[in-house]
>>> print(open('data27.cif').read())   # mmCIF, C-alpha atoms and all ligand atoms
data_run
#
loop_
_atom_site.label_atom_id
_atom_site.label_comp_id
_atom_site.auth_asym_id
_atom_site.auth_seq_id
_atom_site.Cartn_x
_atom_site.Cartn_y
_atom_site.Cartn_z
CA MET L 1 58.77 167.92 26.81
CA LYS L 2 61.51 168.54 29.39
CA LYS L 3 60.11 169.15 32.88
CA VAL L 4 62.31 171.05 35.35
CA MET L 5 61.58 171.30 39.07
CA ILE L 6 63.20 173.08 42.01
CA VAL L 7 62.76 171.52 45.45
CA THR L 8 63.95 173.83 48.20
CA GLY L 9 65.31 171.92 51.18
CA GLY L 10 65.60 168.87 48.95
CA SER L 11 68.55 167.30 50.76
CA ARG L 12 66.62 165.60 53.55
CA GLY L 13 63.18 164.53 54.76
CA ILE L 14 60.10 165.45 52.74
CA GLY L 15 62.14 167.43 50.20
CA ALA L 16 64.48 164.53 49.44
CA ALA L 17 61.56 162.12 48.97
CA THR L 18 59.87 164.65 46.69
CA ALA L 19 63.01 165.16 44.59
CA ILE L 20 63.48 161.40 44.12
CA LEU L 21 59.81 160.76 43.27
CA ALA L 22 59.79 163.73 40.87
CA ALA L 23 62.80 162.30 39.03
CA GLU L 24 61.01 158.93 38.76
CA ARG L 25 58.12 160.82 37.15
CA GLY L 26 60.36 162.43 34.54
CA TYR L 27 61.42 165.74 36.08
CA ASP L 28 64.95 167.11 35.95
CA VAL L 29 65.42 168.22 39.55
CA CYS L 30 67.35 170.91 41.36
CA VAL L 31 67.99 169.84 44.95
CA ASN L 32 68.47 172.99 46.98
CA TYR L 33 69.97 172.70 50.47
CA LEU L 34 71.25 174.92 53.25
CA ARG L 35 74.41 173.28 54.67
CA ASN L 36 74.28 169.53 54.28
CA GLN L 37 76.13 169.08 50.99
CA GLY L 38 76.68 165.36 51.61
CA ALA L 39 72.94 164.72 51.96
CA ALA L 40 72.16 166.80 48.85
CA ASN L 41 74.80 164.94 46.83
CA SER L 42 73.41 161.61 47.91
CA VAL L 43 69.91 162.61 46.68
CA VAL L 44 71.47 163.63 43.35
CA SER L 45 73.41 160.32 43.14
CA SER L 46 70.31 158.32 43.91
CA ILE L 47 68.45 160.11 41.06
CA GLU L 48 71.37 159.66 38.65
CA GLN L 49 71.69 155.95 39.50
CA ARG L 50 68.08 155.51 38.34
CA GLY L 51 68.83 157.31 35.07
CA GLY L 52 67.48 160.73 36.07
CA ARG L 53 69.03 164.18 35.93
CA ALA L 54 69.63 166.33 39.00
CA ILE L 55 71.87 169.05 40.38
CA ALA L 56 72.49 170.22 43.95
CA VAL L 57 72.61 173.96 44.64
CA ALA L 58 73.39 175.40 48.07
CA GLY L 59 71.50 178.47 49.19
CA ASP L 60 69.62 179.92 52.12
CA VAL L 61 66.07 180.65 50.96
CA ALA L 62 65.95 183.53 53.46
CA SER L 63 68.69 185.30 51.49
CA GLU L 64 67.55 187.21 48.41
CA THR L 65 71.03 186.91 46.88
CA ASP L 66 71.07 183.14 47.40
CA VAL L 67 67.58 182.70 45.92
CA ILE L 68 68.47 184.70 42.80
CA HIS L 69 71.66 182.63 42.45
CA LEU L 70 69.68 179.39 42.86
CA PHE L 71 67.19 180.23 40.11
CA ASN L 72 69.91 181.54 37.77
CA LYS L 73 71.89 178.31 38.23
CA VAL L 74 68.82 176.29 37.29
CA ASP L 75 68.20 178.46 34.20
CA GLU L 76 71.80 177.81 33.11
CA GLN L 77 72.13 174.13 33.98
CA LEU L 78 68.65 172.62 33.62
CA GLY L 79 66.55 175.14 31.67
CA SER L 80 63.10 176.68 32.23
CA ILE L 81 61.33 175.53 35.36
CA ILE L 82 57.71 174.42 35.35
CA ALA L 83 57.51 173.35 38.99
CA LEU L 84 58.56 174.77 42.36
CA VAL L 85 58.21 172.95 45.67
CA ASN L 86 58.58 175.52 48.43
CA ASN L 87 59.61 172.93 50.99
CA ALA L 88 62.58 174.42 52.91
CA GLY L 89 61.51 175.14 56.43
CA PHE L 90 62.68 174.80 59.98
CA LEU L 91 61.69 175.19 63.57
CA GLU L 92 63.54 176.10 66.75
CA PRO L 93 63.54 174.35 70.13
CA GLN L 94 60.17 173.95 71.81
CA MET L 95 59.22 176.78 74.17
CA ARG L 96 56.28 178.92 75.23
CA LEU L 97 55.68 182.23 73.48
CA GLU L 98 56.77 184.34 76.46
CA SER L 99 60.30 182.91 76.12
CA MET L 100 60.71 183.70 72.39
CA ASP L 101 63.06 186.58 71.56
CA ALA L 102 63.00 188.71 68.43
CA ALA L 103 66.08 187.05 66.95
CA ARG L 104 64.40 183.65 67.03
CA LEU L 105 61.14 185.00 65.58
CA ASN L 106 63.02 186.71 62.77
CA ARG L 107 64.98 183.52 61.94
CA VAL L 108 61.81 181.42 61.75
CA PHE L 109 59.84 183.99 59.75
CA ALA L 110 62.75 184.74 57.41
CA ALA L 111 63.30 181.11 56.43
CA ASN L 112 59.70 179.94 56.39
CA ILE L 113 57.86 183.04 55.13
CA THR L 114 60.33 185.31 53.32
CA GLY L 115 62.04 182.26 51.80
CA SER L 116 58.80 180.93 50.32
CA PHE L 117 57.85 184.38 49.02
CA LEU L 118 61.23 184.96 47.35
CA CYS L 119 61.21 181.55 45.65
CA ALA L 120 57.62 182.03 44.52
CA ARG L 121 58.59 185.43 43.11
CA GLU L 122 61.44 183.99 41.05
CA ALA L 123 59.22 181.12 39.85
CA VAL L 124 56.39 183.43 38.78
CA LYS L 125 58.83 185.67 36.87
CA ARG L 126 59.85 182.63 34.85
CA MET L 127 56.55 180.72 34.53
CA SER L 128 53.92 183.43 34.06
CA THR L 129 52.52 183.80 30.56
CA LEU L 130 52.46 187.53 31.39
CA HIS L 131 56.28 187.44 31.22
CA GLY L 132 56.46 185.09 28.21
CA GLY L 133 56.68 181.89 30.29
CA ALA L 134 54.95 178.59 29.57
CA GLY L 135 53.09 178.31 32.90
CA GLY L 136 53.71 175.84 35.70
CA ALA L 137 52.76 174.91 39.24
CA ILE L 138 53.90 175.75 42.75
CA VAL L 139 53.33 173.66 45.86
CA ASN L 140 53.95 175.27 49.22
CA VAL L 141 54.72 172.91 52.07
CA SER L 142 52.62 174.28 54.90
CA SER L 143 51.68 172.30 58.01
CA GLY L 144 48.72 171.05 59.99
CA ALA L 145 50.32 173.24 62.69
CA SER L 146 48.87 176.28 60.89
CA ARG L 147 45.43 175.15 62.13
CA LEU L 148 46.46 173.66 65.47
CA GLY L 149 48.75 176.51 66.58
CA SER L 150 51.43 174.33 68.27
CA PRO L 151 50.82 175.56 71.85
CA GLY L 152 53.74 174.97 74.20
CA GLU L 153 55.97 173.94 71.29
CA TYR L 154 56.41 176.53 68.54
CA ILE L 155 53.60 179.00 67.92
CA ASP L 156 56.05 181.02 65.80
CA TYR L 157 56.52 178.09 63.42
CA ALA L 158 52.76 177.43 63.27
CA ALA L 159 52.12 181.12 62.53
CA SER L 160 54.73 181.09 59.76
CA LYS L 161 52.75 178.28 58.13
CA GLY L 162 49.57 180.33 58.55
CA ALA L 163 51.28 183.04 56.49
CA ILE L 164 52.12 180.45 53.84
CA ASN L 165 48.45 179.45 53.67
CA THR L 166 47.43 183.06 53.04
CA MET L 167 50.14 183.46 50.41
CA THR L 168 48.87 180.28 48.72
CA ILE L 169 45.33 181.70 48.48
CA GLY L 170 46.42 185.14 47.28
CA LEU L 171 49.07 184.05 44.80
CA ALA L 172 46.81 181.34 43.37
CA LYS L 173 44.26 184.03 42.48
CA GLU L 174 46.91 186.50 41.28
CA VAL L 175 48.39 184.13 38.70
CA ALA L 176 45.42 181.85 37.94
CA ASN L 177 44.96 183.40 34.50
CA GLU L 178 48.70 183.27 33.72
CA GLY L 179 49.10 179.49 33.49
CA ILE L 180 50.27 178.96 37.07
CA ARG L 181 48.55 176.89 39.76
CA VAL L 182 49.50 177.41 43.41
CA ASN L 183 48.52 174.89 46.08
CA ALA L 184 49.73 173.71 49.48
CA VAL L 185 50.15 170.44 51.29
CA CYS L 186 49.66 170.38 55.05
CA PRO L 187 51.61 167.49 56.56
CA GLY L 188 50.81 166.43 60.11
CA VAL L 189 53.64 164.68 61.95
CA ILE L 190 56.03 163.02 59.54
CA TYR L 191 59.11 160.92 60.37
CA THR L 192 62.00 163.33 59.61
CA ASP L 193 64.87 165.06 61.42
CA ILE L 194 62.78 168.19 62.02
CA HIS L 195 61.51 166.92 65.38
CA ALA L 196 65.11 166.60 66.65
CA SER L 197 65.62 170.26 65.67
CA GLY L 198 62.74 171.07 68.01
CA GLY L 199 64.57 169.19 70.78
CA GLU L 200 62.33 166.09 70.80
CA PRO L 201 63.54 163.45 68.32
CA ASN L 202 60.85 160.98 69.44
CA ARG L 203 58.01 163.53 69.38
CA ILE L 204 55.85 161.35 67.14
CA ASP L 205 55.79 158.58 69.79
CA ARG L 206 54.32 161.12 72.23
CA VAL L 207 51.71 162.69 69.93
CA LYS L 208 50.54 159.76 67.81
CA ALA L 209 47.86 158.79 70.33
CA PHE L 210 46.09 162.05 69.41
CA ILE L 211 46.12 161.28 65.68
CA PRO L 212 42.95 159.53 64.43
CA MET L 213 45.07 157.05 62.41
CA LYS L 214 47.32 156.56 65.48
CA ARG L 215 50.53 156.91 63.48
CA GLY L 216 52.95 159.40 62.02
CA GLY L 217 53.26 159.84 58.27
CA GLN L 218 56.08 158.72 55.98
CA VAL L 219 57.88 161.19 53.70
CA ILE L 220 56.74 159.31 50.60
CA GLU L 221 53.10 159.92 51.57
CA VAL L 222 53.72 163.68 51.50
CA ALA L 223 55.79 163.47 48.31
CA GLN L 224 52.95 161.67 46.52
CA ALA L 225 50.49 164.42 47.49
CA ILE L 226 52.92 167.09 46.25
CA LEU L 227 53.48 165.31 42.94
CA TRP L 228 49.73 164.95 42.44
CA LEU L 229 49.16 168.68 42.99
CA LEU L 230 51.91 169.43 40.46
CA SER L 231 50.54 167.00 37.89
CA ASP L 232 48.00 167.51 35.12
CA GLU L 233 45.60 165.37 37.14
CA ALA L 234 45.18 168.48 39.33
CA SER L 235 44.72 170.78 36.33
CA CYS L 236 41.69 172.62 37.75
CA THR L 237 42.98 172.73 41.33
CA THR L 238 44.48 175.97 42.59
CA GLY L 239 44.46 177.81 45.92
CA SER L 240 43.70 174.55 47.69
CA PHE L 241 45.14 172.62 50.62
CA LEU L 242 45.76 168.90 50.81
CA ASP L 243 46.12 167.54 54.36
CA VAL L 244 48.49 164.62 54.91
CA THR L 245 47.83 164.36 58.62
CA GLY L 246 46.29 160.98 59.37
CA GLY L 247 43.05 162.78 60.13
CA ILE L 248 44.08 165.34 62.74
P1 LIG L 301 64.03 168.33 57.69
O1 LIG L 301 64.07 166.85 57.63
O2 LIG L 301 64.51 169.03 58.90
O3 LIG L 301 64.78 168.90 56.38
C1 LIG L 301 64.82 170.27 56.20
C2 LIG L 301 65.35 170.56 54.83
O4 LIG L 301 65.26 171.98 54.59
C3 LIG L 301 66.81 170.21 54.68
O5 LIG L 301 66.99 169.82 53.33
C4 LIG L 301 67.52 171.53 54.98
O6 LIG L 301 68.81 171.63 54.35
C5 LIG L 301 66.56 172.50 54.34
N1 LIG L 301 66.59 173.86 54.88
C6 LIG L 301 66.34 174.28 56.14
N2 LIG L 301 66.42 175.62 56.22
C7 LIG L 301 66.74 176.05 54.96
C8 LIG L 301 66.98 177.32 54.40
N3 LIG L 301 66.92 178.43 55.16
N4 LIG L 301 67.29 177.40 53.10
C9 LIG L 301 67.37 176.29 52.31
N5 LIG L 301 67.13 175.05 52.80
C10 LIG L 301 66.84 174.95 54.10
O7 LIG L 301 62.53 168.87 57.47
P2 LIG L 301 61.19 168.15 56.96
O8 LIG L 301 60.51 167.58 58.14
O9 LIG L 301 61.45 167.32 55.77
O10 LIG L 301 60.36 169.45 56.56
C11 LIG L 301 60.20 169.88 55.23
C12 LIG L 301 59.04 170.84 55.21
O11 LIG L 301 57.87 170.19 55.69
C13 LIG L 301 59.24 172.07 56.10
O12 LIG L 301 58.71 173.21 55.48
C14 LIG L 301 58.43 171.71 57.34
O13 LIG L 301 57.99 172.86 58.03
C15 LIG L 301 57.28 170.95 56.71
N6 LIG L 301 56.56 170.07 57.65
C16 LIG L 301 57.19 169.02 58.22
C17 LIG L 301 56.46 168.21 59.09
C18 LIG L 301 57.07 167.02 59.77
O14 LIG L 301 56.45 166.45 60.69
N7 LIG L 301 58.27 166.59 59.39
C19 LIG L 301 55.12 168.50 59.37
C20 LIG L 301 54.53 169.57 58.74
C21 LIG L 301 55.25 170.36 57.87
P3 LIG L 301 70.13 170.99 55.04
O15 LIG L 301 70.05 169.49 54.82
O16 LIG L 301 71.27 171.60 54.28
O17 LIG L 301 70.10 171.35 56.48
#
>>> encode(input="data27.cif", output="structure tokens")
Amino acid sequence: MKKVMIVTGGSRGIGAATAILAAERGYDVCVNYLRNQGAANSVVSSIEQRGGRAIAVAGDVASETDVIHLFNKVDEQLGSIIALVNNAGFLEPQMRLESMDAARLNRVFAANITGSFLCAREAVKRMSTLHGGAGGAIVNVSSGASRLGSPGEYIDYAASKGAINTMTIGLAKEVANEGIRVNAVCPGVIYTDIHASGGEPNRIDRVKAFIPMKRGGQVIEVAQAILWLLSDEASCTTGSFLDVTGGI
């Protein structure tokens, strides 16, 4: 049976690794991205070179119009989805809460919270047996930050991941009897570009001493956890959280 997956923010980092691993495991993959078309195309090429099928679709997950366009494109070009990885997410430069203005808070919450809700909504409309779908699975990419709070760095980002955790619990229960499982992974500190976006490209070198395993994680380690949660091996697992944090 054809398996179709959407990975939001699939052009770089954890999303790119997830898209490539998913294709190796037989999924046709939509690689969503925000701006970096070159990176998205190179993920698609890498999948195609290994004999897989993938498309790249631009779209800001914070935009309802873009999300509807993204899902419609996938319906047309790949077919019915059975898997969504709500991975797109970002953070802003490190600062204390008293320096955060409303514009920043709204940008972070719109991309990380509203974006995940909108994509989950479009996925449920298509997957739920209530609407004639064949079921499926959603994995939300949360963060260990949702438990740690990210003091002095980005409490707004950490709080946005807390909202994702609550959505994971609620949505998992809402659609559990409609053929859809909803889970989350909580990465710790993983080697990607996101730390440069926060203004500290070498952040992992600073914080790894506080991690029980004394190292950052690799994107493939998160991708493997995501693919497991999406797989039939996790068939009775919903509303749960899988930490990929090195023990923190
Ligand atoms: P990254 O390397 O910075 O890549 C971010 C990806 O998301 C890119 O593909 C980017 O597209 C896309 N993106 C950003 N905003 C978007 C939007 N509004 N709409 C659509 N796509 C958007 O990030 P990452 O480290 O792989 O992070 C992936 C997820 O893991 C995020 O949710 C992040 O919060 C979470 N996470 C990461 C870590 C970590 O240490 N890296 C830890 C915990 C959780 P473009 O290429 O077009 O810019």
>>> closest_residue(input="data27.cif", among="L:Gly38, L:Lys125, L:Ala172, L:Ile14", to="Ile190 of chain L", atoms="only C-alpha atoms")
L:Ile14
>>> closest_residue(input="data27.cif", among="L:Val141, L:Ile248, L:Ala102, L:Ala54", to="Ile226 of chain L", atoms="only C-alpha atoms")
L:Val141
>>> residues_near_ligand(input="data27.cif", ligand="ligand LIG 301 (chain L)", cutoff="6 Å", atoms="all atoms listed in the file", output="PyMOL selection string")
chain L and resi 8-15+33-36+59-62+87-90+111+141-143+187-194
>>> closest_residue(input="data27.cif", among="L:Gly135, L:Gly246, L:Gly216, L:Gly115", to="Asp66 of chain L", atoms="only C-alpha atoms")
L:Gly115
>>> closest_residue(input="data27.cif", among="L:Glu200, L:Glu98, L:Asp28, L:Glu174", to="Pro151 of chain L", atoms="all atoms listed in the file")
L:Glu98
>>> closest_residue(input="data27.cif", among="L:Gly179, L:Gly217, L:Glu92, L:Val29", to="Gly132 of chain L", atoms="only C-alpha atoms")
L:Gly179
>>> atom_distance(input="data27.cif", atom1="atom CA of Asn106 of chain L", atom2="atom CA of Gln218 of chain L")
29.6 Å
>>> closest_residue(input="data27.cif", among="L:Met127, L:Ala145, L:Leu242, L:Ala16", to="Ala159 of chain L", atoms="all atoms listed in the file")
L:Ala145
>>> atom_distance(input="data27.cif", atom1="atom CA of Ser63 of chain L", atom2="atom CA of Val7 of chain L")
16.2 Å
>>> residues_around(input="data27.cif", residues="Gln77 of chain L", least_positions_apart="6", cutoff="10 Å", atoms="only C-alpha atoms", output="PyMOL selection string")
chain L and resi 30+54-55+71
>>> residues_near_point(input="data27.cif", point="(55.1, 173.9, 70.9)", cutoff="9 Å", atoms="all atoms listed in the file", output="MDAnalysis selection string")
chainID L and resid 93:97 149:158 198
>>> atom_distance(input="data27.cif", atom1="atom CA of Ser240 of chain L", atom2="atom CA of Lys3 of chain L")
22.8 Å
>>> residues_near_point(input="data27.cif", point="(51.7, 175.5, 41.2)", cutoff="8 Å", atoms="all atoms listed in the file", output="ChimeraX atom specification")
/L:83-84,136-139,172,180-183,229-230,238
